[in-house]
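A.B. asks: Pasting run01.cif below, which is mmCIF, N, CA and C atoms, pLDDT in the B column; chains and numbers go by the auth columns.
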```cif
data_data
#
loop_
_atom_site.group_PDB
_atom_site.id
_atom_site.type_symbol
_atom_site.label_atom_id
_atom_site.label_comp_id
_atom_site.label_asym_id
_atom_site.label_seq_id
_atom_site.Cartn_x
_atom_site.Cartn_y
_atom_site.Cartn_z
_atom_site.B_iso_or_equiv
_atom_site.auth_seq_id
_atom_site.auth_asym_id
ATOM 1 N N MET A 1 96.026 142.908 116.015 62.00 176 A
ATOM 2 C CA MET A 1 95.099 144.035 116.046 62.00 176 A
ATOM 3 C C MET A 1 93.679 143.522 115.818 62.00 176 A
ATOM 4 N N ASN A 2 92.751 144.107 116.496 80.00 177 A
ATOM 5 C CA ASN A 2 91.352 143.718 116.384 80.00 177 A
ATOM 6 C C ASN A 2 90.814 144.111 115.002 80.00 177 A
ATOM 7 N N PRO A 3 90.260 143.151 114.237 87.00 178 A
ATOM 8 C CA PRO A 3 89.733 143.488 112.906 87.00 178 A
ATOM 9 C C PRO A 3 88.595 144.505 112.943 87.00 178 A
ATOM 10 N N LEU A 4 87.922 144.631 114.071 89.00 179 A
ATOM 11 C CA LEU A 4 86.869 145.643 114.173 89.00 179 A
ATOM 12 C C LEU A 4 87.417 147.050 113.990 89.00 179 A
ATOM 13 N N LEU A 5 88.694 147.239 114.292 89.00 180 A
ATOM 14 C CA LEU A 5 89.280 148.570 114.194 89.00 180 A
ATOM 15 C C LEU A 5 89.358 149.059 112.748 89.00 180 A
ATOM 16 N N ASP A 6 89.190 148.158 111.781 89.00 181 A
ATOM 17 C CA ASP A 6 89.123 148.580 110.380 89.00 181 A
ATOM 18 C C ASP A 6 87.904 149.452 110.114 89.00 181 A
ATOM 19 N N ARG A 7 86.940 149.423 111.018 92.00 182 A
ATOM 20 C CA ARG A 7 85.720 150.224 110.861 92.00 182 A
ATOM 21 C C ARG A 7 85.913 151.665 111.348 92.00 182 A
ATOM 22 N N ILE A 8 87.061 151.953 111.954 92.00 183 A
ATOM 23 C CA ILE A 8 87.348 153.278 112.511 92.00 183 A
ATOM 24 C C ILE A 8 88.252 154.031 111.531 92.00 183 A
ATOM 25 N N ARG A 9 87.951 155.297 111.323 90.00 184 A
ATOM 26 C CA ARG A 9 88.752 156.138 110.448 90.00 184 A
ATOM 27 C C ARG A 9 89.185 157.398 111.186 90.00 184 A
ATOM 28 N N ILE A 10 90.417 157.808 110.898 88.00 185 A
ATOM 29 C CA ILE A 10 90.923 159.090 111.387 88.00 185 A
ATOM 30 C C ILE A 10 91.417 159.846 110.158 88.00 185 A
ATOM 31 N N ASP A 11 90.729 160.918 109.836 87.00 186 A
ATOM 32 C CA ASP A 11 91.042 161.723 108.658 87.00 186 A
ATOM 33 C C ASP A 11 91.073 163.177 109.101 87.00 186 A
ATOM 34 N N PRO A 12 92.207 163.848 108.936 86.00 187 A
ATOM 35 C CA PRO A 12 92.291 165.245 109.393 86.00 187 A
ATOM 36 C C PRO A 12 91.270 166.164 108.732 86.00 187 A
ATOM 37 N N ASN A 13 90.692 165.745 107.615 86.00 188 A
ATOM 38 C CA ASN A 13 89.705 166.559 106.917 86.00 188 A
ATOM 39 C C ASN A 13 88.266 166.233 107.315 86.00 188 A
ATOM 40 N N VAL A 14 88.094 165.278 108.215 86.00 189 A
ATOM 41 C CA VAL A 14 86.755 164.879 108.662 86.00 189 A
ATOM 42 C C VAL A 14 86.699 164.994 110.181 86.00 189 A
ATOM 43 N N CYS A 15 85.774 165.785 110.663 88.00 190 A
ATOM 44 C CA CYS A 15 85.555 165.927 112.117 88.00 190 A
ATOM 45 C C CYS A 15 86.832 166.273 112.879 88.00 190 A
ATOM 46 N N PHE A 16 87.629 167.166 112.289 86.00 191 A
ATOM 47 C CA PHE A 16 88.842 167.656 112.956 86.00 191 A
ATOM 48 C C PHE A 16 89.843 166.552 113.261 86.00 191 A
ATOM 49 N N GLY A 17 89.783 165.430 112.530 85.00 192 A
ATOM 50 C CA GLY A 17 90.716 164.336 112.753 85.00 192 A
ATOM 51 C C GLY A 17 90.361 163.430 113.909 85.00 192 A
ATOM 52 N N LYS A 18 89.164 163.599 114.461 89.00 193 A
ATOM 53 C CA LYS A 18 88.736 162.716 115.557 89.00 193 A
ATOM 54 C C LYS A 18 88.381 161.343 114.986 89.00 193 A
ATOM 55 N N PRO A 19 88.599 160.284 115.757 91.00 194 A
ATOM 56 C CA PRO A 19 88.221 158.952 115.281 91.00 194 A
ATOM 57 C C PRO A 19 86.709 158.880 115.046 91.00 194 A
ATOM 58 N N THR A 20 86.332 158.412 113.872 93.00 195 A
ATOM 59 C CA THR A 20 84.927 158.280 113.503 93.00 195 A
ATOM 60 C C THR A 20 84.660 156.872 113.000 93.00 195 A
ATOM 61 N N ILE A 21 83.386 156.526 112.931 94.00 196 A
ATOM 62 C CA ILE A 21 82.977 155.269 112.319 94.00 196 A
ATOM 63 C C ILE A 21 83.087 155.444 110.808 94.00 196 A
ATOM 64 N N ARG A 22 83.730 154.498 110.160 91.00 197 A
ATOM 65 C CA ARG A 22 83.944 154.549 108.710 91.00 197 A
ATOM 66 C C ARG A 22 82.649 154.879 107.971 91.00 197 A
ATOM 67 N N GLY A 23 82.735 155.826 107.050 92.00 198 A
ATOM 68 C CA GLY A 23 81.588 156.188 106.233 92.00 198 A
ATOM 69 C C GLY A 23 80.586 157.103 106.903 92.00 198 A
ATOM 70 N N THR A 24 80.902 157.565 108.112 94.00 199 A
ATOM 71 C CA THR A 24 80.005 158.467 108.835 94.00 199 A
ATOM 72 C C THR A 24 80.815 159.632 109.386 94.00 199 A
ATOM 73 N N ARG A 25 80.124 160.539 110.019 93.00 200 A
ATOM 74 C CA ARG A 25 80.773 161.616 110.770 93.00 200 A
ATOM 75 C C ARG A 25 80.472 161.452 112.267 93.00 200 A
ATOM 76 N N LEU A 26 80.200 160.218 112.663 96.00 201 A
ATOM 77 C CA LEU A 26 79.901 159.937 114.068 96.00 201 A
ATOM 78 C C LEU A 26 81.195 159.637 114.812 96.00 201 A
ATOM 79 N N TRP A 27 81.472 160.459 115.814 96.00 202 A
ATOM 80 C CA TRP A 27 82.679 160.288 116.606 96.00 202 A
ATOM 81 C C TRP A 27 82.580 159.019 117.452 96.00 202 A
ATOM 82 N N VAL A 28 83.687 158.317 117.550 96.00 203 A
ATOM 83 C CA VAL A 28 83.772 157.161 118.438 96.00 203 A
ATOM 84 C C VAL A 28 83.466 157.604 119.864 96.00 203 A
ATOM 85 N N SER A 29 83.965 158.764 120.249 96.00 204 A
ATOM 86 C CA SER A 29 83.740 159.251 121.621 96.00 204 A
ATOM 87 C C SER A 29 82.258 159.486 121.895 96.00 204 A
ATOM 88 N N LEU A 30 81.496 159.930 120.905 97.00 205 A
ATOM 89 C CA LEU A 30 80.054 160.109 121.090 97.00 205 A
ATOM 90 C C LEU A 30 79.392 158.770 121.389 97.00 205 A
ATOM 91 N N ILE A 31 79.735 157.765 120.619 98.00 206 A
ATOM 92 C CA ILE A 31 79.147 156.444 120.827 98.00 206 A
ATOM 93 C C ILE A 31 79.498 155.923 122.213 98.00 206 A
ATOM 94 N N LEU A 32 80.760 156.060 122.604 98.00 207 A
ATOM 95 C CA LEU A 32 81.174 155.589 123.932 98.00 207 A
ATOM 96 C C LEU A 32 80.496 156.378 125.046 98.00 207 A
ATOM 97 N N ASP A 33 80.369 157.688 124.877 98.00 208 A
ATOM 98 C CA ASP A 33 79.677 158.512 125.880 98.00 208 A
ATOM 99 C C ASP A 33 78.221 158.072 126.035 98.00 208 A
ATOM 100 N N LEU A 34 77.558 157.839 124.915 98.00 209 A
ATOM 101 C CA LEU A 34 76.153 157.423 124.975 98.00 209 A
ATOM 102 C C LEU A 34 76.007 156.055 125.630 98.00 209 A
ATOM 103 N N LEU A 35 76.888 155.121 125.274 98.00 210 A
ATOM 104 C CA LEU A 35 76.840 153.800 125.910 98.00 210 A
ATOM 105 C C LEU A 35 77.083 153.916 127.419 98.00 210 A
ATOM 106 N N ALA A 36 78.055 154.747 127.786 97.00 211 A
ATOM 107 C CA ALA A 36 78.372 154.927 129.207 97.00 211 A
ATOM 108 C C ALA A 36 77.223 155.554 129.968 97.00 211 A
ATOM 109 N N SER A 37 76.405 156.353 129.287 98.00 212 A
ATOM 110 C CA SER A 37 75.279 157.000 129.964 98.00 212 A
ATOM 111 C C SER A 37 74.050 156.096 130.034 98.00 212 A
ATOM 112 N N GLY A 38 74.164 154.895 129.476 98.00 213 A
ATOM 113 C CA GLY A 38 73.057 153.945 129.598 98.00 213 A
ATOM 114 C C GLY A 38 72.255 153.718 128.331 98.00 213 A
ATOM 115 N N VAL A 39 72.591 154.407 127.248 98.00 214 A
ATOM 116 C CA VAL A 39 71.903 154.186 125.984 98.00 214 A
ATOM 117 C C VAL A 39 72.286 152.798 125.480 98.00 214 A
ATOM 118 N N THR A 40 71.322 152.032 125.020 98.00 215 A
ATOM 119 C CA THR A 40 71.601 150.682 124.536 98.00 215 A
ATOM 120 C C THR A 40 72.017 150.725 123.064 98.00 215 A
ATOM 121 N N ALA A 41 72.610 149.630 122.606 97.00 216 A
ATOM 122 C CA ALA A 41 72.993 149.526 121.198 97.00 216 A
ATOM 123 C C ALA A 41 71.760 149.664 120.307 97.00 216 A
ATOM 124 N N ASP A 42 70.656 149.051 120.688 97.00 217 A
ATOM 125 C CA ASP A 42 69.427 149.166 119.893 97.00 217 A
ATOM 126 C C ASP A 42 68.947 150.607 119.815 97.00 217 A
ATOM 127 N N GLU A 43 69.048 151.343 120.922 98.00 218 A
ATOM 128 C CA GLU A 43 68.653 152.753 120.909 98.00 218 A
ATOM 129 C C GLU A 43 69.579 153.578 120.015 98.00 218 A
ATOM 130 N N LEU A 44 70.882 153.272 120.070 97.00 219 A
ATOM 131 C CA LEU A 44 71.826 153.982 119.202 97.00 219 A
ATOM 132 C C LEU A 44 71.491 153.765 117.732 97.00 219 A
ATOM 133 N N ILE A 45 71.204 152.517 117.383 97.00 220 A
ATOM 134 C CA ILE A 45 70.887 152.202 115.993 97.00 220 A
ATOM 135 C C ILE A 45 69.572 152.854 115.582 97.00 220 A
ATOM 136 N N ALA A 46 68.621 152.936 116.495 98.00 221 A
ATOM 137 C CA ALA A 46 67.354 153.611 116.183 98.00 221 A
ATOM 138 C C ALA A 46 67.589 155.102 115.943 98.00 221 A
ATOM 139 N N ASP A 47 68.469 155.707 116.743 97.00 222 A
ATOM 140 C CA ASP A 47 68.753 157.138 116.606 97.00 222 A
ATOM 141 C C ASP A 47 69.701 157.442 115.443 97.00 222 A
ATOM 142 N N TYR A 48 70.591 156.513 115.148 97.00 223 A
ATOM 143 C CA TYR A 48 71.578 156.677 114.079 97.00 223 A
ATOM 144 C C TYR A 48 71.524 155.442 113.181 97.00 223 A
ATOM 145 N N PRO A 49 70.548 155.384 112.274 96.00 224 A
ATOM 146 C CA PRO A 49 70.330 154.156 111.490 96.00 224 A
ATOM 147 C C PRO A 49 71.508 153.760 110.596 96.00 224 A
ATOM 148 N N GLN A 50 72.459 154.661 110.392 96.00 225 A
ATOM 149 C CA GLN A 50 73.626 154.290 109.596 96.00 225 A
ATOM 150 C C GLN A 50 74.593 153.399 110.381 96.00 225 A
ATOM 151 N N LEU A 51 74.404 153.308 111.697 97.00 226 A
ATOM 152 C CA LEU A 51 75.245 152.454 112.539 97.00 226 A
ATOM 153 C C LEU A 51 74.792 151.004 112.479 97.00 226 A
ATOM 154 N N THR A 52 75.752 150.121 112.683 97.00 227 A
ATOM 155 C CA THR A 52 75.462 148.691 112.827 97.00 227 A
ATOM 156 C C THR A 52 75.981 148.238 114.189 97.00 227 A
ATOM 157 N N ASN A 53 75.584 147.060 114.585 97.00 228 A
ATOM 158 C CA ASN A 53 76.117 146.500 115.830 97.00 228 A
ATOM 159 C C ASN A 53 77.633 146.390 115.766 97.00 228 A
ATOM 160 N N GLU A 54 78.173 146.035 114.597 96.00 229 A
ATOM 161 C CA GLU A 54 79.620 145.924 114.453 96.00 229 A
ATOM 162 C C GLU A 54 80.304 147.281 114.623 96.00 229 A
ATOM 163 N N ASP A 55 79.659 148.347 114.164 97.00 230 A
ATOM 164 C CA ASP A 55 80.214 149.693 114.365 97.00 230 A
ATOM 165 C C ASP A 55 80.304 150.026 115.854 97.00 230 A
ATOM 166 N N ILE A 56 79.280 149.667 116.587 97.00 231 A
ATOM 167 C CA ILE A 56 79.259 149.937 118.029 97.00 231 A
ATOM 168 C C ILE A 56 80.337 149.113 118.722 97.00 231 A
ATOM 169 N N ARG A 57 80.468 147.861 118.327 96.00 232 A
ATOM 170 C CA ARG A 57 81.530 147.021 118.889 96.00 232 A
ATOM 171 C C ARG A 57 82.896 147.578 118.517 96.00 232 A
ATOM 172 N N ALA A 58 83.033 148.123 117.308 95.00 233 A
ATOM 173 C CA ALA A 58 84.304 148.724 116.890 95.00 233 A
ATOM 174 C C ALA A 58 84.649 149.921 117.772 95.00 233 A
ATOM 175 N N ALA A 59 83.655 150.740 118.095 96.00 234 A
ATOM 176 C CA ALA A 59 83.889 151.885 118.977 96.00 234 A
ATOM 177 C C ALA A 59 84.376 151.410 120.346 96.00 234 A
ATOM 178 N N MET A 60 83.766 150.348 120.861 96.00 235 A
ATOM 179 C CA MET A 60 84.195 149.808 122.161 96.00 235 A
ATOM 180 C C MET A 60 85.604 149.224 122.060 96.00 235 A
ATOM 181 N N ALA A 61 85.916 148.558 120.955 92.00 236 A
ATOM 182 C CA ALA A 61 87.262 148.007 120.773 92.00 236 A
ATOM 183 C C ALA A 61 88.296 149.123 120.700 92.00 236 A
ATOM 184 N N TYR A 62 87.944 150.211 120.028 91.00 237 A
ATOM 185 C CA TYR A 62 88.848 151.357 119.944 91.00 237 A
ATOM 186 C C TYR A 62 89.084 151.937 121.344 91.00 237 A
ATOM 187 N N GLY A 63 88.015 152.070 122.111 93.00 238 A
ATOM 188 C CA GLY A 63 88.146 152.568 123.482 93.00 238 A
ATOM 189 C C GLY A 63 89.031 151.667 124.323 93.00 238 A
ATOM 190 N N ALA A 64 88.896 150.360 124.150 91.00 239 A
ATOM 191 C CA ALA A 64 89.733 149.420 124.898 91.00 239 A
ATOM 192 C C ALA A 64 91.199 149.572 124.508 91.00 239 A
ATOM 193 N N GLU A 65 91.464 149.714 123.218 87.00 240 A
ATOM 194 C CA GLU A 65 92.842 149.921 122.765 87.00 240 A
ATOM 195 C C GLU A 65 93.405 151.222 123.321 87.00 240 A
ATOM 196 N N ALA A 66 92.616 152.279 123.296 87.00 241 A
ATOM 197 C CA ALA A 66 93.072 153.569 123.814 87.00 241 A
ATOM 198 C C ALA A 66 93.402 153.464 125.298 87.00 241 A
ATOM 199 N N ALA A 67 92.607 152.698 126.038 84.00 242 A
ATOM 200 C CA ALA A 67 92.844 152.547 127.476 84.00 242 A
ATOM 201 C C ALA A 67 94.148 151.790 127.745 84.00 242 A
ATOM 202 N N ARG A 68 94.523 150.910 126.844 83.00 243 A
ATOM 203 C CA ARG A 68 95.774 150.168 127.017 83.00 243 A
ATOM 204 C C ARG A 68 96.991 151.029 126.705 83.00 243 A
ATOM 205 N N GLU A 69 96.817 152.019 125.870 72.00 244 A
ATOM 206 C CA GLU A 69 97.947 152.762 125.344 72.00 244 A
ATOM 207 C C GLU A 69 98.342 153.987 126.157 72.00 244 A
ATOM 208 N N ARG A 70 97.481 154.484 127.005 66.00 245 A
ATOM 209 C CA ARG A 70 97.850 155.674 127.763 66.00 245 A
ATOM 210 C C ARG A 70 97.085 155.714 129.075 66.00 245 A
ATOM 211 N N ILE A 71 97.588 156.500 129.963 60.00 246 A
ATOM 212 C CA ILE A 71 96.946 156.661 131.255 60.00 246 A
ATOM 213 C C ILE A 71 95.903 157.768 131.126 60.00 246 A
ATOM 214 N N ILE A 72 94.705 157.479 131.550 55.00 247 A
ATOM 215 C CA ILE A 72 93.647 158.461 131.533 55.00 247 A
ATOM 216 C C ILE A 72 93.334 158.825 132.975 55.00 247 A
ATOM 217 N N PRO A 73 93.510 160.096 133.367 58.00 248 A
ATOM 218 C CA PRO A 73 93.257 160.455 134.751 58.00 248 A
ATOM 219 C C PRO A 73 91.796 160.246 135.134 58.00 248 A
ATOM 220 N N VAL A 74 91.611 159.542 136.223 51.00 249 A
ATOM 221 C CA VAL A 74 90.280 159.289 136.761 51.00 249 A
ATOM 222 C C VAL A 74 90.328 159.649 138.237 51.00 249 A
ATOM 223 N N PRO A 75 89.360 160.419 138.720 53.00 250 A
ATOM 224 C CA PRO A 75 89.387 160.761 140.139 53.00 250 A
ATOM 225 C C PRO A 75 89.337 159.491 140.996 53.00 250 A
ATOM 226 N N THR A 76 90.116 159.491 142.048 52.00 251 A
ATOM 227 C CA THR A 76 90.109 158.342 142.945 52.00 251 A
ATOM 228 C C THR A 76 89.395 158.726 144.219 52.00 251 A
ATOM 229 N N GLU A 77 88.852 157.728 144.869 56.00 252 A
ATOM 230 C CA GLU A 77 88.148 157.948 146.120 56.00 252 A
ATOM 231 C C GLU A 77 89.080 157.575 147.263 56.00 252 A
ATOM 232 N N ARG A 78 89.147 158.457 148.223 58.00 253 A
ATOM 233 C CA ARG A 78 89.987 158.164 149.388 58.00 253 A
ATOM 234 C C ARG A 78 89.276 157.210 150.308 58.00 253 A
ATOM 235 N N VAL A 79 90.016 156.280 150.830 56.00 254 A
ATOM 236 C CA VAL A 79 89.472 155.342 151.805 56.00 254 A
ATOM 237 C C VAL A 79 89.731 155.923 153.190 56.00 254 A
ATOM 238 N N ALA A 80 88.689 156.044 153.976 57.00 255 A
ATOM 239 C CA ALA A 80 88.822 156.645 155.305 57.00 255 A
ATOM 240 C C ALA A 80 89.314 155.653 156.327 57.00 255 A
#
```
Translate the structure of the given file into structure tokens.

C.D. replies:
Amino acid sequence: MNPLLDRIRIDPNVCFGKPTIRGTRLWVSLILDLLASGVTADELIADYPQLTNEDIRAAMAYGAEAARERIIPVPTERVA
């Protein structure tokens, strides 16, 4: 298991049990959404100073693990 995942917490009493960065109420999905939309790690840290680079890497590691564990429907493009 990736040691970065120790930075992720799932607590049913915090943020409805969604995966968050340890010690925060920042959802892993929020961080991944922002990264996917083009926000840089430096911009994330500027906007959320409680985050560290390791927290951002932990969110990406969690996303990678989630992608390995289940199928996520993604629209496919038909080839003509």

A.B. asks: Kindly compute an axis-aligned box around the listed atoms of range 196-200 of chain A, allowing 4 Å on each side, and express its centre and edge lengths in Å to one decimal as AutoDock Vina command-line options.

C.D. replies:
```
--center_x 82.0 --center_y 158.1 --center_z 109.6 --size_x 11.9 --size_y 15.1 --size_z 14.7
```

A.B. asks: Please indicate the distance in Å from CA of Trp202 in chain A to CA of Asn177 in chain A, rounded to one decimal place.

C.D. replies: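 Calculated distance between CA of Trp202 in chain A and CA of Asn177 in chain A is 18.7 Å.
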
A.B. asks: Per DSSP on the backbone, filter range 181-249 of chain A down to the residues in alpha helix (DSSP H) and report them as a count of residues only.

C.D. replies: 33

A.B. asks: Rounded to one decimal in Å, what is the spacing between CA of Ser212 in chain A and CA of Arg232 in chain A?

C.D. replies: 16.2 Å

A.B. asks: Mind giving me the straight-line distance from atom C of Gly198 in chain A to atom N of Ile185 in chain A in Å, one decimal?

C.D. replies: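 So the answer is 10.6 Å.
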
A.B. asks: Step by step: start from the point (83.7, 155.2, 119.0) in the file's coordinates, keep every protein, DNA or RNA residue that has an atom no farther than 6 Å from it, count all atoms listed in the file, and write the set as an MDAnalysis selection string.

C.D. replies: chainID A and resid 202:207 233:235

A.B. asks: Take the PyMOL selection byres (((chain A and resi 225 and name CA) around 12) and name CA), apply it to the structure above, and return the hits as a list in words.

C.D. replies: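 Against this file, the PyMOL selection byres (((chain A and resi 225 and name CA) around 12) and name CA) returns the residues Ile196, Arg197, Gly198, Thr199, Arg200, Leu201, Leu219, Ile220, Ala221, Asp222, Tyr223, Pro224, Leu226, Thr227, Asn228, Glu229, Asp230 and Ile231 of chain A.
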
A.B. asks: Write a file of the selected residues as a compact mmCIF listing (two decimals), in the frame of the given file, keeping N, CA and C atoms.

C.D. replies:
```
# COMPACT_ATOMS: atom_id res chain seq x y z
N ILE A 196 83.39 156.53 112.93
CA ILE A 196 82.98 155.27 112.32
C ILE A 196 83.09 155.44 110.81
N ARG A 197 83.73 154.50 110.16
CA ARG A 197 83.94 154.55 108.71
C ARG A 197 82.65 154.88 107.97
N GLY A 198 82.74 155.83 107.05
CA GLY A 198 81.59 156.19 106.23
C GLY A 198 80.59 157.10 106.90
N THR A 199 80.90 157.56 108.11
CA THR A 199 80.00 158.47 108.84
C THR A 199 80.82 159.63 109.39
N ARG A 200 80.12 160.54 110.02
CA ARG A 200 80.77 161.62 110.77
C ARG A 200 80.47 161.45 112.27
N LEU A 201 80.20 160.22 112.66
CA LEU A 201 79.90 159.94 114.07
C LEU A 201 81.19 159.64 114.81
N LEU A 219 70.88 153.27 120.07
CA LEU A 219 71.83 153.98 119.20
C LEU A 219 71.49 153.76 117.73
N ILE A 220 71.20 152.52 117.38
CA ILE A 220 70.89 152.20 115.99
C ILE A 220 69.57 152.85 115.58
N ALA A 221 68.62 152.94 116.50
CA ALA A 221 67.35 153.61 116.18
C ALA A 221 67.59 155.10 115.94
N ASP A 222 68.47 155.71 116.74
CA ASP A 222 68.75 157.14 116.61
C ASP A 222 69.70 157.44 115.44
N TYR A 223 70.59 156.51 115.15
CA TYR A 223 71.58 156.68 114.08
C TYR A 223 71.52 155.44 113.18
N PRO A 224 70.55 155.38 112.27
CA PRO A 224 70.33 154.16 111.49
C PRO A 224 71.51 153.76 110.60
N LEU A 226 74.40 153.31 111.70
CA LEU A 226 75.24 152.45 112.54
C LEU A 226 74.79 151.00 112.48
N THR A 227 75.75 150.12 112.68
CA THR A 227 75.46 148.69 112.83
C THR A 227 75.98 148.24 114.19
N ASN A 228 75.58 147.06 114.58
CA ASN A 228 76.12 146.50 115.83
C ASN A 228 77.63 146.39 115.77
N GLU A 229 78.17 146.04 114.60
CA GLU A 229 79.62 145.92 114.45
C GLU A 229 80.30 147.28 114.62
N ASP A 230 79.66 148.35 114.16
CA ASP A 230 80.21 149.69 114.36
C ASP A 230 80.30 150.03 115.85
N ILE A 231 79.28 149.67 116.59
CA ILE A 231 79.26 149.94 118.03
C ILE A 231 80.34 149.11 118.72
```

A.B. asks: What are the DSSP strand (DSSP E) residues of chain A, as a PyMOL selection string?

C.D. replies: chain A and resi 183-184+195-196

A.B. asks: Kindly resolve the PyMOL selection byres (((chain A and resi 180 and name CA) around 7) and name CA) on the present coordinates and return the residues as a VMD selection string.

C.D. replies: chain A and resid 177 to 179 181 to 183 233 236 to 237

A.B. asks: For the residues selected in the previous step, produce a file with N, CA and C atoms as an mmCIF file, in the coordinates of the input.

C.D. replies:
```
data_model
loop_
_atom_site.group_PDB
_atom_site.id
_atom_site.type_symbol
_atom_site.label_atom_id
_atom_site.label_comp_id
_atom_site.auth_asym_id
_atom_site.auth_seq_id
_atom_site.Cartn_x
_atom_site.Cartn_y
_atom_site.Cartn_z
ATOM 1 N N ASN A 177 92.751 144.107 116.496
ATOM 2 C CA ASN A 177 91.352 143.718 116.384
ATOM 3 C C ASN A 177 90.814 144.111 115.002
ATOM 4 N N PRO A 178 90.260 143.151 114.237
ATOM 5 C CA PRO A 178 89.733 143.488 112.906
ATOM 6 C C PRO A 178 88.595 144.505 112.943
ATOM 7 N N LEU A 179 87.922 144.631 114.071
ATOM 8 C CA LEU A 179 86.869 145.643 114.173
ATOM 9 C C LEU A 179 87.417 147.050 113.990
ATOM 10 N N ASP A 181 89.190 148.158 111.781
ATOM 11 C CA ASP A 181 89.123 148.580 110.380
ATOM 12 C C ASP A 181 87.904 149.452 110.114
ATOM 13 N N ARG A 182 86.940 149.423 111.018
ATOM 14 C CA ARG A 182 85.720 150.224 110.861
ATOM 15 C C ARG A 182 85.913 151.665 111.348
ATOM 16 N N ILE A 183 87.061 151.953 111.954
ATOM 17 C CA ILE A 183 87.348 153.278 112.511
ATOM 18 C C ILE A 183 88.252 154.031 111.531
ATOM 19 N N ALA A 233 83.033 148.123 117.308
ATOM 20 C CA ALA A 233 84.304 148.724 116.890
ATOM 21 C C ALA A 233 84.649 149.921 117.772
ATOM 22 N N ALA A 236 85.916 148.558 120.955
ATOM 23 C CA ALA A 236 87.262 148.007 120.773
ATOM 24 C C ALA A 236 88.296 149.123 120.700
ATOM 25 N N TYR A 237 87.944 150.211 120.028
ATOM 26 C CA TYR A 237 88.848 151.357 119.944
ATOM 27 C C TYR A 237 89.084 151.937 121.344
#
```
